[in-house]
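Source file: work.cif; contents: mmCIF, C-alpha atoms.
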data_start
loop_
_atom_site.label_atom_id
_atom_site.label_comp_id
_atom_site.auth_asym_id
_atom_site.auth_seq_id
_atom_site.Cartn_x
_atom_site.Cartn_y
_atom_site.Cartn_z
CA GLY A 1 65.22 114.35 99.12
CA GLN A 2 65.41 112.42 95.91
CA ASN A 3 67.64 113.32 92.98
CA ILE A 4 66.95 111.08 90.04
CA ASP A 5 68.43 112.02 86.69
CA GLN A 6 68.03 110.71 83.17
CA PRO A 7 68.98 112.08 79.77
CA THR A 8 66.14 114.17 78.40
CA GLU A 9 66.09 112.85 74.87
CA MET A 10 67.63 110.03 72.85
CA THR A 11 67.35 108.91 69.25
CA ALA A 12 68.16 105.44 67.96
CA THR A 13 67.71 103.44 64.79
CA GLU A 14 65.19 100.66 64.26
CA GLY A 15 66.81 97.29 64.96
CA ALA A 16 69.58 98.76 67.07
CA ILE A 17 70.28 98.61 70.81
CA VAL A 18 69.89 101.61 73.10
CA GLN A 19 70.88 102.12 76.72
CA ILE A 20 69.05 104.63 78.89
CA ASN A 21 70.87 105.61 82.06
CA CYS A 22 69.46 106.66 85.40
CA THR A 23 71.45 107.98 88.35
CA TYR A 24 69.98 108.54 91.75
CA GLN A 25 70.74 109.86 95.19
CA THR A 26 68.13 108.86 97.69
CA SER A 27 67.61 107.79 101.25
CA GLY A 28 65.92 104.52 102.11
CA PHE A 29 66.36 102.79 98.76
CA ASN A 30 64.18 99.72 98.17
CA GLY A 31 64.28 99.04 94.47
CA LEU A 32 64.48 100.74 91.11
CA PHE A 33 61.72 100.42 88.55
CA TRP A 34 61.51 101.19 84.85
CA TYR A 35 58.31 102.26 83.12
CA GLN A 36 57.35 103.07 79.57
CA GLN A 37 54.90 105.86 78.93
CA HIS A 38 53.26 106.93 75.69
CA ALA A 39 51.91 110.45 75.51
CA GLY A 40 48.61 110.89 77.34
CA GLU A 41 48.68 107.39 78.77
CA ALA A 42 49.58 105.84 82.09
CA PRO A 43 53.05 104.35 82.61
CA THR A 44 53.39 100.64 82.01
CA PHE A 45 55.78 98.49 84.00
CA LEU A 46 58.90 97.18 82.25
CA SER A 47 61.37 95.91 84.81
CA TYR A 48 62.70 96.31 88.30
CA ASN A 49 65.85 95.63 90.31
CA VAL A 50 66.26 95.34 94.02
CA LEU A 51 69.67 93.69 94.05
CA ASP A 52 72.76 94.52 92.00
CA GLY A 53 73.04 92.98 88.59
CA LEU A 54 71.18 92.48 85.38
CA GLU A 55 67.53 91.49 85.00
CA GLU A 56 66.53 90.33 81.53
CA LYS A 57 62.98 90.30 80.21
CA GLY A 58 62.81 89.61 76.51
CA ARG A 59 63.98 92.65 74.57
CA PHE A 60 64.30 94.68 77.77
CA SER A 61 67.01 94.36 80.41
CA SER A 62 67.72 96.49 83.43
CA PHE A 63 70.90 96.79 85.45
CA LEU A 64 71.47 98.14 88.93
CA SER A 65 74.52 99.13 90.93
CA ARG A 66 73.42 100.28 94.37
CA SER A 67 76.90 101.38 95.43
CA LYS A 68 77.10 103.71 92.43
CA GLY A 69 73.48 104.84 92.52
CA TYR A 70 73.18 103.84 88.89
CA SER A 71 70.82 101.89 86.71
CA TYR A 72 70.26 101.46 83.02
CA LEU A 73 67.54 100.11 80.79
CA LEU A 74 68.69 98.27 77.70
CA LEU A 75 66.35 97.93 74.75
CA LYS A 76 67.34 95.49 72.02
CA GLU A 77 66.05 95.05 68.47
CA LEU A 78 64.40 98.42 68.58
CA GLN A 79 61.01 98.77 66.95
CA MET A 80 59.21 101.94 65.89
CA LYS A 81 56.59 101.32 68.60
CA ASP A 82 59.35 101.67 71.22
CA SER A 83 59.26 105.43 70.66
CA ALA A 84 58.00 106.64 74.04
CA SER A 85 59.15 108.15 77.31
CA TYR A 86 61.07 105.90 79.67
CA LEU A 87 60.89 106.65 83.36
CA CYS A 88 63.03 105.27 86.13
CA ALA A 89 61.57 105.34 89.61
CA VAL A 90 63.14 104.72 92.98
CA ARG A 91 61.06 103.05 95.66
CA ARG A 92 61.50 104.05 99.26
CA ASP A 93 61.81 101.44 101.97
CA THR A 94 59.26 103.12 104.23
CA GLY A 95 55.87 103.89 102.78
CA ASN A 96 56.86 102.36 99.44
CA GLN A 97 56.55 105.67 97.61
CA PHE A 98 57.90 105.84 94.09
CA TYR A 99 59.92 108.87 93.04
CA PHE A 100 60.28 109.26 89.33
CA GLY A 101 63.23 110.48 87.35
CA THR A 102 63.04 113.24 84.82
CA GLY A 103 62.15 110.82 82.04
CA THR A 104 63.87 110.09 78.72
CA SER A 105 62.03 110.65 75.47
CA LEU A 106 63.21 108.00 73.01
CA THR A 107 62.64 108.41 69.28
CA VAL A 108 63.22 105.40 67.06
CA ILE A 109 63.95 106.27 63.45
CA PRO A 110 63.88 103.99 60.40
CA GLY B 1 44.90 91.05 86.85
CA ALA B 2 45.88 94.21 88.80
CA VAL B 3 43.71 96.69 86.92
CA VAL B 4 43.21 100.26 88.10
CA SER B 5 40.60 102.59 86.67
CA GLN B 6 40.15 106.33 86.93
CA HIS B 7 37.11 108.46 86.38
CA PRO B 8 36.67 110.76 84.63
CA SER B 9 39.29 110.37 81.93
CA TRP B 10 39.08 114.07 81.21
CA VAL B 11 37.31 117.05 82.70
CA ILE B 12 37.01 120.73 81.87
CA CYS B 13 35.87 123.08 84.59
CA LYS B 14 35.63 126.76 85.36
CA SER B 15 38.09 128.50 87.64
CA GLY B 16 36.93 128.39 91.25
CA THR B 17 35.02 125.13 91.03
CA SER B 18 35.96 121.80 92.62
CA VAL B 19 36.64 118.61 90.75
CA LYS B 20 36.62 115.06 92.11
CA ILE B 21 38.67 112.27 90.52
CA GLU B 22 38.08 108.65 91.43
CA CYS B 23 40.65 105.87 91.43
CA ARG B 24 39.51 102.27 91.75
CA SER B 25 41.37 98.97 91.95
CA LEU B 26 39.14 96.55 90.08
CA ASP B 27 40.53 93.12 90.89
CA PHE B 28 42.66 93.52 94.00
CA GLN B 29 42.53 95.27 97.31
CA ALA B 30 44.65 98.38 97.34
CA THR B 31 45.99 99.02 100.80
CA THR B 32 47.91 102.01 99.49
CA MET B 33 47.12 104.41 96.69
CA PHE B 34 49.31 107.15 95.35
CA TRP B 35 48.41 110.33 93.49
CA TYR B 36 50.68 111.94 90.93
CA ARG B 37 50.48 114.91 88.64
CA GLN B 38 52.29 115.29 85.37
CA PHE B 39 52.78 118.47 83.36
CA PRO B 40 53.43 118.27 79.61
CA LYS B 41 56.79 116.79 78.72
CA GLN B 42 57.63 116.30 82.39
CA SER B 43 57.84 113.30 84.63
CA LEU B 44 55.39 112.15 87.28
CA MET B 45 55.50 114.06 90.51
CA LEU B 46 54.23 112.30 93.62
CA MET B 47 51.61 114.39 95.39
CA ALA B 48 50.47 112.16 98.22
CA THR B 49 50.23 108.67 99.62
CA SER B 50 46.98 107.39 101.02
CA ASN B 51 46.46 104.31 103.11
CA GLU B 52 42.99 102.89 103.52
CA GLY B 53 41.27 104.27 106.58
CA SER B 54 43.89 106.84 107.50
CA LYS B 55 44.85 110.36 106.54
CA ALA B 56 46.89 110.91 103.43
CA THR B 57 50.56 111.84 103.63
CA TYR B 58 51.38 114.76 101.38
CA GLU B 59 54.71 115.49 99.73
CA GLN B 60 56.49 118.70 100.53
CA GLY B 61 55.00 121.63 98.70
CA VAL B 62 51.62 120.01 98.04
CA GLU B 63 48.72 121.85 99.70
CA LYS B 64 46.60 119.37 101.61
CA ASP B 65 43.66 121.79 101.80
CA LYS B 66 43.64 122.21 98.07
CA PHE B 67 44.07 118.56 97.11
CA LEU B 68 41.74 116.58 99.34
CA ILE B 69 42.33 112.84 99.35
CA ASN B 70 39.98 110.23 100.72
CA HIS B 71 40.71 106.49 100.81
CA ALA B 72 37.57 105.15 102.40
CA SER B 73 37.74 101.59 101.13
CA LEU B 74 40.28 99.09 99.88
CA THR B 75 39.21 99.67 96.29
CA LEU B 76 38.53 103.39 96.09
CA SER B 77 40.48 106.59 96.60
CA THR B 78 39.34 110.06 95.55
CA LEU B 79 41.25 113.25 94.85
CA THR B 80 39.30 116.50 95.01
CA VAL B 81 40.90 119.59 93.54
CA THR B 82 39.22 122.42 95.41
CA SER B 83 38.82 125.93 94.01
CA ALA B 84 40.64 124.91 90.86
CA HIS B 85 42.66 127.48 88.94
CA PRO B 86 44.24 127.32 85.48
CA GLU B 87 47.64 126.44 86.97
CA ASP B 88 46.05 123.25 88.33
CA SER B 89 45.50 122.05 84.77
CA SER B 90 47.49 118.86 84.50
CA PHE B 91 47.39 115.11 83.99
CA TYR B 92 46.53 113.42 87.28
CA ILE B 93 47.43 109.75 87.65
CA CYS B 94 46.74 107.40 90.51
CA SER B 95 48.44 104.13 91.29
CA ALA B 96 47.58 101.33 93.66
CA ARG B 97 49.50 98.79 95.62
CA GLY B 98 48.18 95.71 97.34
CA GLY B 99 49.10 94.25 100.67
CA ALA B 100 50.80 91.12 101.97
CA SER B 101 52.95 89.77 99.17
CA GLY B 102 53.21 89.01 95.51
CA ARG B 103 53.04 91.18 92.46
CA THR B 104 50.45 93.64 93.74
CA TYR B 105 52.63 94.21 96.78
CA ASN B 106 55.92 94.75 94.96
CA GLU B 107 54.72 96.93 92.13
CA GLN B 108 52.47 99.92 91.64
CA PHE B 109 49.67 99.66 89.11
CA PHE B 110 48.69 102.84 87.39
CA GLY B 111 45.33 104.14 86.37
CA PRO B 112 44.86 105.58 82.88
CA GLY B 113 45.00 109.16 84.16
CA THR B 114 42.64 112.13 84.21
CA ARG B 115 43.25 115.19 82.08
CA LEU B 116 42.07 118.27 83.99
CA THR B 117 41.67 121.57 82.18
CA VAL B 118 40.67 124.61 84.21
CA LEU B 119 39.42 127.57 82.21
#
Let's see the structure in the file written out as structure tokens.
Amino acid sequence: GQNIDQPTEMTATEGAIVQINCTYQTSGFNGLFWYQQHAGEAPTFLSYNVLDGLEEKGRFSSFLSRSKGYSYLLLKELQMKDSASYLCAVRRDTGNQFYFGTGTSLTVIP
Amino acid sequence: GAVVSQHPSWVICKSGTSVKIECRSLDFQATTMFWYRQFPKQSLMLMATSNEGSKATYEQGVEKDKFLINHASLTLSTLTVTSAHPEDSSFYICSARGGASGRTYNEQFFGPGTRLTVL
């Protein structure tokens, strides 16, 4: 089975930095993905890690530690439009299915 | 590139009827498509995996006779919710993955979703 956990809700201030954690226990790990989702819309891809370490993409960075079953998404210079749900997803090595975490609802306040 | 469409974007139906949702990859060949459902304020739950030309693989707890999946071509998969009931009301999202290598192979590309309401 897949156990993928994230904090349910977070609040941060415009211009600040926020870190959203994701822990997982899964068999057949083949990458961890981060998506952003606004209400009523499809998820949009942000970042992914297959190997340990930090991947940086503009204001978004993602970190992975496979030995700890842990990842985080770092959002810098927060903007109001960053208010959304953030989903981590683990990809299996056979079949390439994605299993999503519980999702974190981020609210950015002025 | 890597655009996925879904049709319809929303549908309202009466209890007991069947509803078909289409998922199309517009600019790449999708060797694998995935179907998810999402209840309000919850995350995406994988329902099934479909590979072109073969039977879909359903996740545990998902009724294959209720959620019929067909992946007849490399650009089209359909999900039919049979004998729909109010508890089937949800947001259904498909995603597609290409073959071989490159971005369409490594990622999943999501459709815009279909909001199903069963009265």
Residues matched by the PyMOL selection byres ((chain A) within 10 of (chain B)) as a VMD selection string: chain A and resid 1 8 31 33 37 39 to 45 47 to 48 85 to 89 91 95 to 105
Result set of the PyMOL selection byres ((chain A and resi 23) around 6) on the coordinates above, as a list of chain:residue names: A:Ile4, A:Asp5, A:Cys22, A:Tyr24, A:Gly69, A:Tyr70
Taking the file as I've supplied it (selection: the PyMOL selection byres ((chain B and resi 76-89) around 10)), which residues are included? Please answer as a PDB file with C-alpha atoms, keeping the file's coordinate frame.
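Saved to part-v4.pdb:
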ATOM      1  CA  VAL B   4      43.210 100.260  88.100  1.00  0.00           C
ATOM      2  CA  SER B   5      40.600 102.590  86.670  1.00  0.00           C
ATOM      3  CA  GLN B   6      40.150 106.330  86.930  1.00  0.00           C
ATOM      4  CA  HIS B   7      37.110 108.460  86.380  1.00  0.00           C
ATOM      5  CA  VAL B  11      37.310 117.050  82.700  1.00  0.00           C
ATOM      6  CA  ILE B  12      37.010 120.730  81.870  1.00  0.00           C
ATOM      7  CA  CYS B  13      35.870 123.080  84.590  1.00  0.00           C
ATOM      8  CA  LYS B  14      35.630 126.760  85.360  1.00  0.00           C
ATOM      9  CA  SER B  15      38.090 128.500  87.640  1.00  0.00           C
ATOM     10  CA  GLY B  16      36.930 128.390  91.250  1.00  0.00           C
ATOM     11  CA  THR B  17      35.020 125.130  91.030  1.00  0.00           C
ATOM     12  CA  SER B  18      35.960 121.800  92.620  1.00  0.00           C
ATOM     13  CA  VAL B  19      36.640 118.610  90.750  1.00  0.00           C
ATOM     14  CA  LYS B  20      36.620 115.060  92.110  1.00  0.00           C
ATOM     15  CA  ILE B  21      38.670 112.270  90.520  1.00  0.00           C
ATOM     16  CA  GLU B  22      38.080 108.650  91.430  1.00  0.00           C
ATOM     17  CA  CYS B  23      40.650 105.870  91.430  1.00  0.00           C
ATOM     18  CA  ARG B  24      39.510 102.270  91.750  1.00  0.00           C
ATOM     19  CA  SER B  25      41.370  98.970  91.950  1.00  0.00           C
ATOM     20  CA  LEU B  26      39.140  96.550  90.080  1.00  0.00           C
ATOM     21  CA  GLN B  29      42.530  95.270  97.310  1.00  0.00           C
ATOM     22  CA  ALA B  30      44.650  98.380  97.340  1.00  0.00           C
ATOM     23  CA  THR B  31      45.990  99.020 100.800  1.00  0.00           C
ATOM     24  CA  THR B  32      47.910 102.010  99.490  1.00  0.00           C
ATOM     25  CA  MET B  33      47.120 104.410  96.690  1.00  0.00           C
ATOM     26  CA  PHE B  34      49.310 107.150  95.350  1.00  0.00           C
ATOM     27  CA  TRP B  35      48.410 110.330  93.490  1.00  0.00           C
ATOM     28  CA  ARG B  37      50.480 114.910  88.640  1.00  0.00           C
ATOM     29  CA  GLN B  38      52.290 115.290  85.370  1.00  0.00           C
ATOM     30  CA  PHE B  39      52.780 118.470  83.360  1.00  0.00           C
ATOM     31  CA  ALA B  48      50.470 112.160  98.220  1.00  0.00           C
ATOM     32  CA  SER B  50      46.980 107.390 101.020  1.00  0.00           C
ATOM     33  CA  ASN B  51      46.460 104.310 103.110  1.00  0.00           C
ATOM     34  CA  GLU B  52      42.990 102.890 103.520  1.00  0.00           C
ATOM     35  CA  LYS B  64      46.600 119.370 101.610  1.00  0.00           C
ATOM     36  CA  ASP B  65      43.660 121.790 101.800  1.00  0.00           C
ATOM     37  CA  LYS B  66      43.640 122.210  98.070  1.00  0.00           C
ATOM     38  CA  PHE B  67      44.070 118.560  97.110  1.00  0.00           C
ATOM     39  CA  LEU B  68      41.740 116.580  99.340  1.00  0.00           C
ATOM     40  CA  ILE B  69      42.330 112.840  99.350  1.00  0.00           C
ATOM     41  CA  ASN B  70      39.980 110.230 100.720  1.00  0.00           C
ATOM     42  CA  HIS B  71      40.710 106.490 100.810  1.00  0.00           C
ATOM     43  CA  ALA B  72      37.570 105.150 102.400  1.00  0.00           C
ATOM     44  CA  SER B  73      37.740 101.590 101.130  1.00  0.00           C
ATOM     45  CA  LEU B  74      40.280  99.090  99.880  1.00  0.00           C
ATOM     46  CA  THR B  75      39.210  99.670  96.290  1.00  0.00           C
ATOM     47  CA  SER B  90      47.490 118.860  84.500  1.00  0.00           C
ATOM     48  CA  PHE B  91      47.390 115.110  83.990  1.00  0.00           C
ATOM     49  CA  TYR B  92      46.530 113.420  87.280  1.00  0.00           C
ATOM     50  CA  CYS B  94      46.740 107.400  90.510  1.00  0.00           C
ATOM     51  CA  SER B  95      48.440 104.130  91.290  1.00  0.00           C
ATOM     52  CA  ALA B  96      47.580 101.330  93.660  1.00  0.00           C
ATOM     53  CA  ARG B 115      43.250 115.190  82.080  1.00  0.00           C
ATOM     54  CA  LEU B 116      42.070 118.270  83.990  1.00  0.00           C
ATOM     55  CA  THR B 117      41.670 121.570  82.180  1.00  0.00           C
ATOM     56  CA  VAL B 118      40.670 124.610  84.210  1.00  0.00           C
ATOM     57  CA  LEU B 119      39.420 127.570  82.210  1.00  0.00           C
TER      58      LEU B 119
END
Atomic distance atom CA of A:Met80 - atom CA of A:Ile20, expressed in Å with one decimal: 16.5 Å
Interatomic distance (Å, one decimal) between atom CA of A:Glu14 and atom CA of A:Ala84: 13.5 Å
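Here atom CA of A:Phe60 stands at a distance of 27.2 Å from atom CA of B:Asp27.
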Which residues, written as a compact mmCIF listing (two decimals) with C-alpha atoms, keeping the file's coordinate frame, have at least one atom at most 12 Å from A:Pro110, with all atoms listed in the file counted and residues fewer than 5 positions away on the same chain left out?
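Result written to around-v4.txt:
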# COMPACT_ATOMS: atom_id res chain seq x y z
CA THR A 11 67.35 108.91 69.25
CA ALA A 12 68.16 105.44 67.96
CA THR A 13 67.71 103.44 64.79
CA GLU A 14 65.19 100.66 64.26
CA GLY A 15 66.81 97.29 64.96
CA ALA A 16 69.58 98.76 67.07
CA LEU A 78 64.40 98.42 68.58
CA GLN A 79 61.01 98.77 66.95
CA MET A 80 59.21 101.94 65.89
CA LYS A 81 56.59 101.32 68.60
CA ASP A 82 59.35 101.67 71.22
CA SER A 83 59.26 105.43 70.66
